[in-house]
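For reference, work24.txt (compact mmCIF, C-alpha atoms):
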```txt
# COMPACT_ATOMS: atom_id res chain seq x y z
CA MET L 1 84.23 -42.46 -19.05
CA LYS L 2 80.85 -43.28 -17.32
CA ASP L 3 80.78 -46.30 -14.95
CA VAL L 4 77.83 -48.36 -16.11
CA THR L 5 78.45 -51.37 -13.87
CA LYS L 6 77.14 -49.64 -10.71
CA GLU L 7 73.67 -48.88 -12.02
CA PRO L 8 72.43 -52.48 -12.19
CA ALA L 9 73.70 -53.06 -8.70
CA ALA L 10 71.84 -50.04 -7.49
CA LYS L 11 68.71 -51.19 -9.25
CA ASN L 12 69.03 -54.68 -7.77
CA HIS L 13 69.37 -53.17 -4.28
CA ALA L 14 66.35 -50.96 -4.87
CA THR L 15 64.17 -53.87 -5.97
CA LYS L 16 65.40 -56.17 -3.23
CA GLU L 17 64.45 -53.82 -0.39
CA PRO L 18 60.76 -53.56 -1.29
CA ALA L 19 60.64 -57.31 -1.72
CA GLU L 20 61.95 -57.77 1.82
CA LYS L 21 59.44 -55.26 3.17
CA THR L 22 56.62 -57.03 1.33
CA LYS L 23 57.72 -60.32 2.84
CA GLU L 24 57.77 -58.80 6.33
CA LYS L 25 54.28 -57.36 5.84
CA ARG L 26 52.98 -60.74 4.73
CA GLU L 27 54.48 -62.37 7.80
CA GLU L 28 52.85 -59.70 10.00
CA LYS L 29 49.47 -60.30 8.34
CA THR L 30 49.86 -64.06 8.85
CA GLU L 31 50.63 -63.55 12.53
CA ALA L 32 47.68 -61.19 12.87
CA ALA L 33 45.44 -63.73 11.19
CA ASP L 34 46.49 -66.34 13.73
CA VAL L 35 45.24 -64.13 16.58
CA PRO L 36 41.51 -64.88 17.19
CA GLN L 37 39.38 -61.85 16.31
CA PRO L 38 36.16 -61.02 18.19
CA ALA L 39 33.04 -62.02 16.27
CA ALA L 40 31.08 -59.16 14.75
CA VAL L 41 27.81 -58.56 16.57
CA ASP L 42 24.81 -56.81 15.09
CA PRO L 43 24.45 -53.58 17.12
CA ARG L 44 20.67 -54.14 17.21
CA LEU L 45 21.26 -57.22 19.38
CA LEU L 46 22.99 -55.13 22.02
CA VAL L 47 20.03 -52.91 22.90
CA ARG L 48 19.18 -55.11 25.87
CA GLU L 49 22.56 -54.35 27.39
CA GLN L 50 22.16 -50.59 26.96
CA GLY L 51 19.23 -50.17 29.32
CA LEU L 52 16.28 -47.89 28.66
CA ALA L 53 18.21 -45.71 26.20
CA GLY L 54 18.97 -48.75 24.05
CA TYR L 55 15.30 -49.75 23.93
CA LEU L 56 14.20 -46.24 22.99
CA THR L 57 16.75 -46.19 20.18
CA ASP L 58 15.62 -49.59 18.96
CA PHE L 59 11.95 -48.56 19.20
CA ARG L 60 12.56 -45.48 17.06
CA ARG L 61 14.50 -47.59 14.56
CA ARG L 62 11.66 -50.10 14.28
CA VAL L 63 8.97 -47.43 13.83
CA ARG L 64 11.00 -45.64 11.16
CA GLY L 65 11.54 -49.00 9.45
CA GLY L 66 7.82 -49.82 9.45
CA GLU L 67 8.02 -52.58 12.09
CA LEU L 68 4.97 -51.54 14.09
CA GLY L 69 4.05 -54.97 15.45
CA SER L 70 1.03 -54.89 17.78
CA LEU L 71 1.48 -51.23 18.70
CA PRO L 72 -1.49 -49.87 16.66
CA VAL L 73 -3.81 -52.54 18.11
CA VAL L 74 -2.76 -51.92 21.70
CA ILE L 75 -3.20 -48.17 21.27
CA GLY L 76 -6.58 -48.80 19.65
CA LEU L 77 -7.74 -50.99 22.56
CA ILE L 78 -6.72 -48.33 25.08
CA VAL L 79 -8.62 -45.65 23.14
CA ILE L 80 -11.71 -47.87 22.75
CA ALA L 81 -11.77 -48.76 26.47
CA THR L 82 -11.27 -45.14 27.50
CA VAL L 83 -13.97 -43.71 25.21
CA PHE L 84 -16.65 -46.29 26.06
CA GLN L 85 -15.86 -46.18 29.78
CA ILE L 86 -16.37 -42.41 29.71
CA LYS L 87 -19.62 -42.82 27.77
CA ASN L 88 -20.88 -45.68 29.95
CA SER L 89 -19.29 -46.55 33.29
CA SER L 90 -20.40 -50.17 33.07
CA PHE L 91 -18.18 -50.93 30.05
CA LEU L 92 -15.34 -52.25 32.25
CA SER L 93 -17.69 -53.95 34.71
CA ALA L 94 -17.46 -57.64 35.56
CA ASP L 95 -20.54 -58.53 33.53
CA SER L 96 -19.34 -56.58 30.48
CA LEU L 97 -15.84 -58.08 30.56
CA ALA L 98 -17.28 -61.57 30.98
CA ASN L 99 -19.50 -61.03 27.94
CA ILE L 100 -16.54 -59.80 25.91
CA GLY L 101 -14.54 -62.87 26.93
CA VAL L 102 -17.33 -65.32 26.09
CA TYR L 103 -18.36 -63.77 22.77
CA THR L 104 -14.71 -63.41 21.77
CA SER L 105 -13.86 -67.07 22.32
CA GLY L 106 -15.70 -68.89 19.52
CA LEU L 107 -14.86 -66.47 16.74
CA GLY L 108 -11.39 -66.04 18.21
CA ILE L 109 -10.68 -69.76 17.91
CA MET L 110 -11.78 -69.59 14.29
CA ALA L 111 -9.53 -66.56 13.80
CA VAL L 112 -6.55 -68.61 15.01
CA GLY L 113 -7.12 -70.95 12.07
CA ILE L 114 -7.29 -67.97 9.72
CA VAL L 115 -3.95 -66.72 11.09
CA PHE L 116 -2.37 -70.04 10.07
CA VAL L 117 -3.74 -69.62 6.54
CA LEU L 118 -2.74 -65.96 6.27
CA LEU L 119 0.82 -66.85 7.28
CA LEU L 120 0.91 -68.82 4.01
CA GLY L 121 -0.25 -65.74 2.15
CA GLU L 122 -3.59 -67.41 1.34
CA ILE L 123 -7.21 -67.00 2.43
CA ASP L 124 -9.96 -69.34 3.63
CA LEU L 125 -13.48 -68.16 2.80
CA SER L 126 -15.17 -71.34 3.99
CA VAL L 127 -14.73 -71.05 7.76
CA GLY L 128 -18.29 -69.87 8.37
CA SER L 129 -19.92 -72.77 6.53
CA VAL L 130 -17.41 -75.26 8.01
CA ALA L 131 -18.42 -73.98 11.46
CA GLY L 132 -22.04 -74.63 10.52
CA VAL L 133 -21.25 -78.16 9.32
CA GLY L 134 -19.37 -78.89 12.55
CA ALA L 135 -22.31 -77.75 14.67
CA ALA L 136 -24.78 -79.69 12.49
CA VAL L 137 -22.74 -82.90 12.72
CA TRP L 138 -22.56 -82.63 16.49
CA ALA L 139 -26.27 -81.85 16.88
CA VAL L 140 -27.49 -84.66 14.64
CA LEU L 141 -25.17 -87.26 16.17
CA SER L 142 -25.65 -86.25 19.80
CA VAL L 143 -29.29 -85.20 19.90
CA THR L 144 -30.95 -87.07 17.06
CA HIS L 145 -28.96 -90.34 17.08
CA GLY L 146 -27.96 -90.45 20.76
CA VAL L 147 -24.20 -90.66 20.20
CA GLY L 148 -22.15 -89.85 23.28
CA ASP L 149 -21.68 -86.13 23.78
CA TRP L 150 -17.87 -86.17 23.83
CA LEU L 151 -17.65 -88.54 20.87
CA ALA L 152 -20.02 -86.34 18.85
CA VAL L 153 -17.86 -83.29 19.63
CA LEU L 154 -14.69 -85.08 18.51
CA ILE L 155 -16.35 -86.30 15.30
CA ALA L 156 -17.55 -82.77 14.53
CA ILE L 157 -14.06 -81.33 15.01
CA GLY L 158 -12.58 -84.17 12.96
CA ALA L 159 -15.07 -83.46 10.16
CA GLY L 160 -13.81 -79.87 10.06
CA ALA L 161 -10.22 -81.09 9.79
CA VAL L 162 -11.13 -83.41 6.89
CA ILE L 163 -12.94 -80.61 5.07
CA GLY L 164 -9.95 -78.30 5.51
CA ALA L 165 -7.54 -80.98 4.28
CA LEU L 166 -9.73 -81.42 1.20
CA HIS L 167 -9.42 -77.69 0.48
CA GLY L 168 -5.67 -77.93 0.94
CA PHE L 169 -5.47 -80.91 -1.43
CA PHE L 170 -7.17 -79.06 -4.30
CA PHE L 171 -5.01 -76.01 -3.63
CA ALA L 172 -1.64 -77.71 -3.15
CA LYS L 173 -1.89 -80.80 -5.35
CA ILE L 174 -4.28 -79.74 -8.12
CA GLY L 175 -3.23 -76.10 -8.26
CA VAL L 176 -6.64 -74.48 -7.86
CA PRO L 177 -6.29 -71.04 -6.20
CA ALA L 178 -7.19 -71.11 -2.51
CA PHE L 179 -9.65 -68.26 -3.03
CA VAL L 180 -11.62 -70.32 -5.56
CA VAL L 181 -11.42 -73.58 -3.60
CA THR L 182 -12.65 -72.08 -0.35
CA LEU L 183 -15.29 -69.96 -2.08
CA ALA L 184 -16.65 -73.15 -3.64
CA GLY L 185 -16.42 -74.73 -0.19
CA PHE L 186 -18.35 -71.84 1.31
CA LEU L 187 -21.24 -72.58 -1.03
CA GLY L 188 -20.99 -76.37 -1.02
CA TRP L 189 -20.64 -76.86 2.73
CA SER L 190 -23.54 -74.47 3.35
CA GLY L 191 -25.64 -76.83 1.29
CA LEU L 192 -24.31 -79.83 3.20
CA GLN L 193 -25.15 -78.09 6.47
CA ILE L 194 -28.76 -77.61 5.38
CA TRP L 195 -28.97 -81.22 4.19
CA ILE L 196 -27.59 -82.58 7.49
CA MET L 197 -30.06 -80.53 9.51
CA GLY L 198 -32.93 -81.94 7.45
CA LYS L 199 -36.47 -80.78 7.93
CA GLU L 200 -35.95 -79.78 11.54
CA GLY L 201 -34.17 -76.54 10.67
CA SER L 202 -32.75 -76.25 14.16
CA ILE L 203 -31.77 -78.58 17.00
CA ASN L 204 -31.64 -77.16 20.52
CA THR L 205 -28.64 -77.72 22.75
CA PRO L 206 -29.50 -80.25 25.49
CA SER L 207 -29.32 -78.95 29.04
CA GLY L 208 -26.10 -79.95 30.77
CA SER L 209 -24.38 -81.03 27.56
CA VAL L 210 -20.71 -80.38 26.77
CA VAL L 211 -21.61 -77.82 24.13
CA GLU L 212 -23.90 -75.92 26.48
CA HIS L 213 -21.07 -75.69 29.03
CA LEU L 214 -18.68 -74.23 26.44
CA THR L 215 -20.13 -70.76 26.91
CA GLY L 216 -22.52 -71.28 29.82
CA TYR L 217 -20.15 -72.56 32.49
CA TYR L 218 -18.33 -70.20 34.90
CA PHE L 219 -15.79 -71.05 37.59
CA GLU L 220 -17.46 -69.39 40.54
CA ASP L 221 -14.61 -70.23 42.93
CA LYS L 222 -12.40 -67.15 43.11
CA ALA L 223 -9.32 -69.34 43.23
CA ALA L 224 -9.90 -70.31 39.59
CA ALA L 225 -9.46 -66.81 38.16
CA TYR L 226 -6.59 -65.91 40.48
CA GLY L 227 -4.97 -69.29 39.90
CA LEU L 228 -5.13 -68.88 36.12
CA ALA L 229 -3.64 -65.40 36.45
CA LEU L 230 -0.78 -66.79 38.57
CA ILE L 231 -0.14 -69.63 36.11
CA ALA L 232 -0.07 -67.16 33.22
CA VAL L 233 2.45 -64.90 34.98
CA LEU L 234 4.71 -67.77 36.02
CA ALA L 235 4.58 -69.31 32.55
CA TYR L 236 5.43 -65.98 30.93
CA ALA L 237 8.31 -65.29 33.31
CA GLY L 238 9.57 -68.85 32.89
CA SER L 239 9.56 -68.54 29.10
CA LEU L 240 11.59 -65.32 29.32
CA LEU L 241 14.14 -66.92 31.65
CA LEU L 242 14.38 -70.02 29.47
CA GLU L 243 14.89 -67.90 26.38
CA GLY L 244 17.61 -65.95 28.20
CA ARG L 245 19.39 -69.17 29.13
CA ARG L 246 19.34 -70.38 25.52
CA ARG L 247 20.68 -67.07 24.25
CA LYS L 248 23.49 -67.07 26.79
CA ALA L 249 24.39 -70.62 25.81
CA ALA L 250 24.60 -69.42 22.21
CA ALA L 251 26.76 -66.41 23.26
CA LEU L 252 24.01 -63.96 22.27
CA PRO L 253 22.86 -60.89 24.21
CA SER L 254 19.91 -61.70 26.47
CA ARG L 255 17.40 -59.76 28.50
CA PRO L 256 18.73 -58.55 31.85
CA LEU L 257 16.94 -59.75 34.96
CA GLY L 258 15.48 -56.28 35.51
CA GLU L 259 13.68 -56.38 32.18
CA VAL L 260 12.33 -59.86 32.87
CA LEU L 261 10.94 -58.65 36.18
CA LEU L 262 9.45 -55.53 34.58
CA ARG L 263 7.73 -57.45 31.78
CA SER L 264 6.44 -60.08 34.19
CA GLY L 265 5.19 -57.33 36.50
CA VAL L 266 3.17 -55.69 33.72
CA VAL L 267 1.60 -59.04 32.78
CA ALA L 268 0.87 -59.72 36.45
CA VAL L 269 -0.90 -56.39 36.89
CA LEU L 270 -3.09 -56.97 33.83
CA ALA L 271 -3.86 -60.62 34.65
CA PHE L 272 -4.74 -60.05 38.30
CA ALA L 273 -6.74 -56.92 37.46
CA VAL L 274 -8.94 -58.93 35.09
CA ALA L 275 -9.23 -61.73 37.67
CA TYR L 276 -10.28 -59.21 40.31
CA VAL L 277 -12.95 -57.67 38.10
CA LEU L 278 -14.33 -61.11 37.18
CA ASN L 279 -14.41 -62.21 40.83
CA GLU L 280 -14.91 -59.46 43.33
CA PRO L 281 -17.72 -57.04 42.35
CA ALA L 282 -21.29 -57.83 43.33
CA GLY L 283 -22.97 -60.00 40.74
CA ALA L 284 -19.71 -61.23 39.22
CA ARG L 285 -20.11 -64.68 37.71
CA GLY L 286 -16.46 -65.72 37.89
CA LEU L 287 -14.09 -67.03 35.24
CA PRO L 288 -15.80 -68.16 31.97
CA LEU L 289 -14.82 -71.60 30.72
CA ALA L 290 -14.96 -70.25 27.17
CA LEU L 291 -12.14 -67.80 27.90
CA VAL L 292 -10.01 -70.57 29.41
CA LEU L 293 -10.44 -72.74 26.32
CA PHE L 294 -9.65 -69.85 24.00
CA LEU L 295 -6.46 -69.04 25.90
CA ALA L 296 -5.47 -72.73 25.81
CA VAL L 297 -5.87 -72.78 22.00
CA LEU L 298 -3.82 -69.59 21.74
CA VAL L 299 -0.98 -70.93 23.87
CA ILE L 300 -0.80 -74.25 22.03
CA ALA L 301 -0.97 -72.64 18.59
CA ASP L 302 1.62 -70.00 19.54
CA PHE L 303 4.00 -72.71 20.74
CA VAL L 304 3.55 -74.67 17.50
CA VAL L 305 4.19 -71.62 15.33
CA ARG L 306 7.12 -70.12 17.22
CA ARG L 307 8.86 -73.10 18.81
CA THR L 308 8.57 -75.99 16.36
CA THR L 309 10.11 -76.84 13.01
CA TYR L 310 6.63 -77.07 11.54
CA GLY L 311 5.90 -73.48 12.56
CA ARG L 312 9.12 -72.19 11.01
CA GLN L 313 8.27 -74.05 7.82
CA ILE L 314 4.89 -72.27 7.68
CA PHE L 315 6.65 -68.91 7.80
CA ALA L 316 9.15 -70.07 5.18
CA VAL L 317 6.44 -71.20 2.76
CA GLY L 318 4.47 -68.00 3.32
CA GLY L 319 7.54 -65.85 2.76
CA ASN L 320 8.74 -67.56 -0.42
CA ALA L 321 7.31 -70.92 -1.44
CA GLU L 322 9.92 -71.61 -4.11
CA ALA L 323 12.81 -70.85 -1.77
CA ALA L 324 11.21 -73.09 0.85
CA ARG L 325 10.89 -75.91 -1.70
CA ARG L 326 14.56 -75.58 -2.65
CA ALA L 327 15.46 -75.69 1.04
CA GLY L 328 13.91 -79.15 1.27
CA ILE L 329 10.52 -78.23 2.77
CA ASN L 330 7.55 -80.26 1.56
CA VAL L 331 5.46 -77.27 0.54
CA ASN L 332 2.39 -79.31 -0.42
CA THR L 333 2.28 -81.06 2.95
CA ILE L 334 2.54 -77.75 4.80
CA ARG L 335 -0.27 -76.25 2.75
CA VAL L 336 -2.62 -79.21 3.18
CA SER L 337 -1.96 -79.38 6.93
CA VAL L 338 -2.51 -75.65 7.45
CA PHE L 339 -5.92 -75.76 5.76
CA ALA L 340 -6.75 -78.83 7.86
CA VAL L 341 -5.92 -76.82 11.01
CA SER L 342 -8.13 -73.98 9.78
CA GLY L 343 -11.05 -76.37 9.17
CA MET L 344 -10.61 -78.08 12.53
CA LEU L 345 -10.63 -74.78 14.45
CA ALA L 346 -13.57 -73.54 12.38
CA ALA L 347 -15.63 -76.58 13.41
CA PHE L 348 -14.57 -76.11 17.04
CA GLY L 349 -15.59 -72.46 16.89
CA GLY L 350 -18.93 -73.52 15.40
CA LEU L 351 -19.68 -75.45 18.59
CA PHE L 352 -19.16 -72.24 20.59
CA ILE L 353 -21.58 -70.41 18.29
CA ALA L 354 -24.13 -73.20 18.76
CA SER L 355 -23.66 -72.92 22.52
CA LEU L 356 -24.27 -69.16 22.45
CA SER L 357 -27.29 -69.36 20.15
CA GLY L 358 -28.87 -72.27 22.02
CA GLY L 359 -28.46 -74.89 19.29
CA ALA L 360 -27.48 -75.75 15.72
CA THR L 361 -29.41 -74.13 12.88
CA LYS L 362 -29.37 -74.15 9.09
CA ASN L 363 -27.88 -70.65 8.96
CA LEU L 364 -25.31 -71.00 11.77
CA GLY L 365 -22.03 -69.45 10.63
CA ALA L 366 -23.70 -67.23 8.04
CA GLY L 367 -24.05 -63.46 8.16
CA ASN L 368 -20.96 -61.55 9.24
CA THR L 369 -19.21 -64.53 10.85
CA LEU L 370 -16.62 -64.90 8.07
CA MET L 371 -15.91 -61.18 7.90
CA ASN L 372 -15.45 -60.87 11.66
CA VAL L 373 -13.05 -63.82 11.75
CA ILE L 374 -10.87 -62.53 8.90
CA ALA L 375 -11.08 -58.99 10.24
CA ALA L 376 -9.89 -60.14 13.67
CA ALA L 377 -6.75 -61.75 12.24
CA VAL L 378 -5.91 -58.74 10.07
CA ILE L 379 -6.76 -56.09 12.66
CA GLY L 380 -4.61 -57.99 15.17
CA GLY L 381 -1.55 -57.53 12.96
CA THR L 382 -1.30 -60.59 10.71
CA SER L 383 -0.27 -59.56 7.21
CA LEU L 384 -2.51 -60.36 4.25
CA PHE L 385 0.64 -60.85 2.16
CA GLY L 386 1.95 -63.86 4.09
CA GLY L 387 5.04 -64.66 6.12
CA ARG L 388 4.39 -62.19 8.93
CA GLY L 389 2.09 -62.34 11.93
CA LYS L 390 1.47 -63.82 15.36
CA ILE L 391 -1.10 -66.20 16.76
CA TRP L 392 -1.98 -63.65 19.42
CA SER L 393 -3.28 -61.45 16.60
CA ALA L 394 -6.50 -63.46 16.85
CA LEU L 395 -6.97 -62.38 20.47
CA LEU L 396 -6.08 -58.74 19.90
CA GLY L 397 -8.26 -58.43 16.81
CA MET L 398 -11.27 -60.09 18.41
CA LEU L 399 -10.89 -57.88 21.48
CA VAL L 400 -11.04 -54.82 19.24
CA ILE L 401 -14.12 -56.05 17.35
CA GLN L 402 -16.00 -57.34 20.38
CA SER L 403 -15.12 -54.29 22.49
CA ILE L 404 -16.57 -52.04 19.79
CA GLN L 405 -19.73 -54.15 19.58
CA GLN L 406 -20.10 -54.34 23.35
CA GLY L 407 -19.59 -50.60 23.75
CA LEU L 408 -22.06 -49.73 20.99
CA ASN L 409 -24.61 -52.14 22.45
CA LEU L 410 -24.30 -50.41 25.81
CA LEU L 411 -24.87 -47.08 24.07
CA GLY L 412 -27.88 -48.46 22.19
CA MET L 413 -26.38 -48.03 18.73
CA ALA L 414 -27.96 -49.88 15.79
CA SER L 415 -26.24 -52.88 14.23
CA GLU L 416 -25.60 -51.04 10.95
CA ILE L 417 -23.45 -48.54 12.86
CA GLN L 418 -21.45 -51.45 14.26
CA TYR L 419 -20.89 -52.82 10.75
CA MET L 420 -19.67 -49.49 9.44
CA ILE L 421 -17.28 -48.93 12.33
CA THR L 422 -15.91 -52.48 12.12
CA GLY L 423 -15.41 -52.05 8.37
CA ALA L 424 -13.56 -48.77 8.93
CA VAL L 425 -11.30 -50.41 11.52
CA LEU L 426 -10.57 -53.30 9.13
CA LEU L 427 -9.70 -50.89 6.32
CA ALA L 428 -7.42 -48.95 8.66
CA ALA L 429 -5.63 -52.17 9.65
CA VAL L 430 -5.02 -53.13 6.00
CA VAL L 431 -3.79 -49.61 5.19
CA ILE L 432 -1.37 -49.76 8.12
CA ASP L 433 -0.13 -53.16 6.95
CA SER L 434 0.40 -51.93 3.38
CA VAL L 435 2.17 -48.74 4.48
CA SER L 436 4.30 -50.74 6.91
CA ARG L 437 5.43 -53.15 4.17
CA ARG L 438 6.22 -50.26 1.83
CA THR L 439 8.25 -48.54 4.55
CA GLN L 440 10.16 -51.74 5.23
CA ARG L 441 10.98 -52.13 1.54
CA THR L 442 12.25 -48.56 1.46
CA ALA L 443 14.36 -49.24 4.56
CA GLY L 444 15.63 -52.51 3.08
CA ARG L 445 14.10 -54.72 5.80
CA THR L 446 12.07 -57.11 3.64
```
What's the structure tokens form of this structure?
Amino acid sequence: MKDVTKEPAAKNHATKEPAEKTKEKREEKTEAADVPQPAAVDPRLLVREQGLAGYLTDFRRRVRGGELGSLPVVIGLIVIATVFQIKNSSFLSADSLANIGVYTSGLGIMAVGIVFVLLLGEIDLSVGSVAGVGAAVWAVLSVTHGVGDWLAVLIAIGAGAVIGALHGFFFAKIGVPAFVVTLAGFLGWSGLQIWIMGKEGSINTPSGSVVEHLTGYYFEDKAAAYGLALIAVLAYAGSLLLEGRRRKAAALPSRPLGEVLLRSGVVAVLAFAVAYVLNEPAGARGLPLALVLFLAVLVIADFVVRRTTYGRQIFAVGGNAEAARRAGINVNTIRVSVFAVSGMLAAFGGLFIASLSGGATKNLGAGNTLMNVIAAAVIGGTSLFGGRGKIWSALLGMLVIQSIQQGLNLLGMASEIQYMITGAVLLAAVVIDSVSRRTQRTAGRT
């Protein structure tokens, strides 16, 4: 007869053993969970600790992913300088570089304002006429009505800020597209400029005035150019060291000291080379005040955009306005303030144009002023689609445009050739931006 009483016992033993093993495994997992695990680190953050090989790997990754940054502009500047220097040996002379620096400054300051607007993914078509209004307000107050020179300058810049804020109000609060608002402003403020100037048509810049000095004053003392170069190098090196300290405090990989020294050395070579050319050759006029003011605007604007909450909010609104709104950002305030910044810098740039042309006129800011300003921001690397770009794009783009114009002038080329070449460069910059964005979408980096 079959013994049926042993089978349940065997089954109970068989089921009990796996249960005990499961319990042991759970206890092991609990113990393992109690042991602190190293935090996962993005391998891309470790390139700085891998030396030159790590940077080459990261560079290839960025290029394949469409993250070109300022690389096309830098390569373009090198090619432009090389070609024109071969064609005319005076292209890199002290006088030529000084002219590039002076003529770059006014439009470059206006381009900084356009960069702010482009970061929102919008456009400002009124900067040329706002520049004209700023110059007209200064000229009428200072020359015609005898208002103090400095006060007239401040009122002119303030008028530009008010005009820009008005554009931002209609765009942000009323909902009128920025393209339409600023296009209407382009027409309306041109009329206001003509009305302010009155029957005179033009008002000459007084000798020795603040506006005349904007582009006419040079620091002849050699210590000025070399001192500015030294300050720039020390400030750059200090910012790298400060960034490294913050990253170490946050337990993030930071640049090794060797890289900091290498980067600072490259900046030092470039800065002191420019200072030498501006100072040493026969006939050199020294450091232009206009270039100093332009660099000051760049540094301040770059700090605001990269190092402040306000700057991060601009990028957030430009990247995705609805997401920024849900994150608690006052989107309307950001938009109004950005257009106010654009108007303020446009009026300031208009004073530089008045200084170069010898006075305020009814058509100041007309012609290709608007196109050059927008082209500078785009050529320098600021995206037309918003949320991506750098303040230094204004400098790089204006250097490209003004270098082309200066080189063609030295070669005796007609102005229509300059327009065609500048237009081709602008188109190339937009194509690169579009291809870059498409590549980033394909690589999953947007």
Pick out the closest residue to Gly381 of chain L from this set: L:Glu416, L:Ile432, L:Val331, L:Asp221. Count all atoms listed in the file.
L:Ile432
Env of Gly106 of chain L: 9 Å cut, atoms = only C-alpha atoms, seq-sep filter 6 positions within chain, self excluded. Answer as a ChimeraX atom specification.
/L:215,290,294,346,348-353
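Interatomic distance, atom CA of Glu220 of chain L against atom CA of Gly407 of chain L: 25.3 Å.
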Spatial neighbours of Gly367 of chain L, max dist 12 Å, only C-alpha atoms, sep filter under 6 positions, as a PDB file with C-alpha atoms, in the frame of the given file:
```
ATOM      1  CA  GLY L 128     -18.290 -69.870   8.370  1.00  0.00           C
ATOM      2  CA  SER L 129     -19.920 -72.770   6.530  1.00  0.00           C
ATOM      3  CA  GLY L 132     -22.040 -74.630  10.520  1.00  0.00           C
ATOM      4  CA  VAL L 373     -13.050 -63.820  11.750  1.00  0.00           C
ATOM      5  CA  TYR L 419     -20.890 -52.820  10.750  1.00  0.00           C
TER       6      TYR L 419
END
```
How far is it from atom CA of Leu107 of chain L to atom CA of Thr369 of chain L, in Å with one decimal?
7.6 Å
Pick out the closest residue to Ser342 of chain L from this set: L:Pro288, L:Gly101, L:Gly113, L:Gly265. Count only C-alpha atoms.
L:Gly113
Cut-off 12 Å around (-33.0, -82.4, 11.6) with all atoms listed in the file: residues as a compact mmCIF listing (two decimals) with C-alpha atoms, keeping the file's coordinate frame:
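result25.txt, freshly written:
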```txt
# COMPACT_ATOMS: atom_id res chain seq x y z
CA ALA L 136 -24.78 -79.69 12.49
CA VAL L 137 -22.74 -82.90 12.72
CA TRP L 138 -22.56 -82.63 16.49
CA ALA L 139 -26.27 -81.85 16.88
CA VAL L 140 -27.49 -84.66 14.64
CA LEU L 141 -25.17 -87.26 16.17
CA SER L 142 -25.65 -86.25 19.80
CA VAL L 143 -29.29 -85.20 19.90
CA THR L 144 -30.95 -87.07 17.06
CA HIS L 145 -28.96 -90.34 17.08
CA GLN L 193 -25.15 -78.09 6.47
CA ILE L 194 -28.76 -77.61 5.38
CA TRP L 195 -28.97 -81.22 4.19
CA ILE L 196 -27.59 -82.58 7.49
CA MET L 197 -30.06 -80.53 9.51
CA GLY L 198 -32.93 -81.94 7.45
CA LYS L 199 -36.47 -80.78 7.93
CA GLU L 200 -35.95 -79.78 11.54
CA GLY L 201 -34.17 -76.54 10.67
CA SER L 202 -32.75 -76.25 14.16
CA ILE L 203 -31.77 -78.58 17.00
CA ASN L 204 -31.64 -77.16 20.52
CA GLY L 359 -28.46 -74.89 19.29
CA ALA L 360 -27.48 -75.75 15.72
CA THR L 361 -29.41 -74.13 12.88
CA LYS L 362 -29.37 -74.15 9.09
```
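Take the candidates L:Leu125, L:Leu77, L:Ala172, L:Leu151 and check each one against Gly185 of chain L using all atoms listed in the file; the shortest distance goes to L:Leu125.
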Give me, as a ChimeraX atom specification, all polymer residues having an atom no more than 9 Å from segment 240-245 of chain L, counting only C-alpha atoms and skipping those fewer than 5 positions away in the same chain.
/L:235,250,252-257,260,264
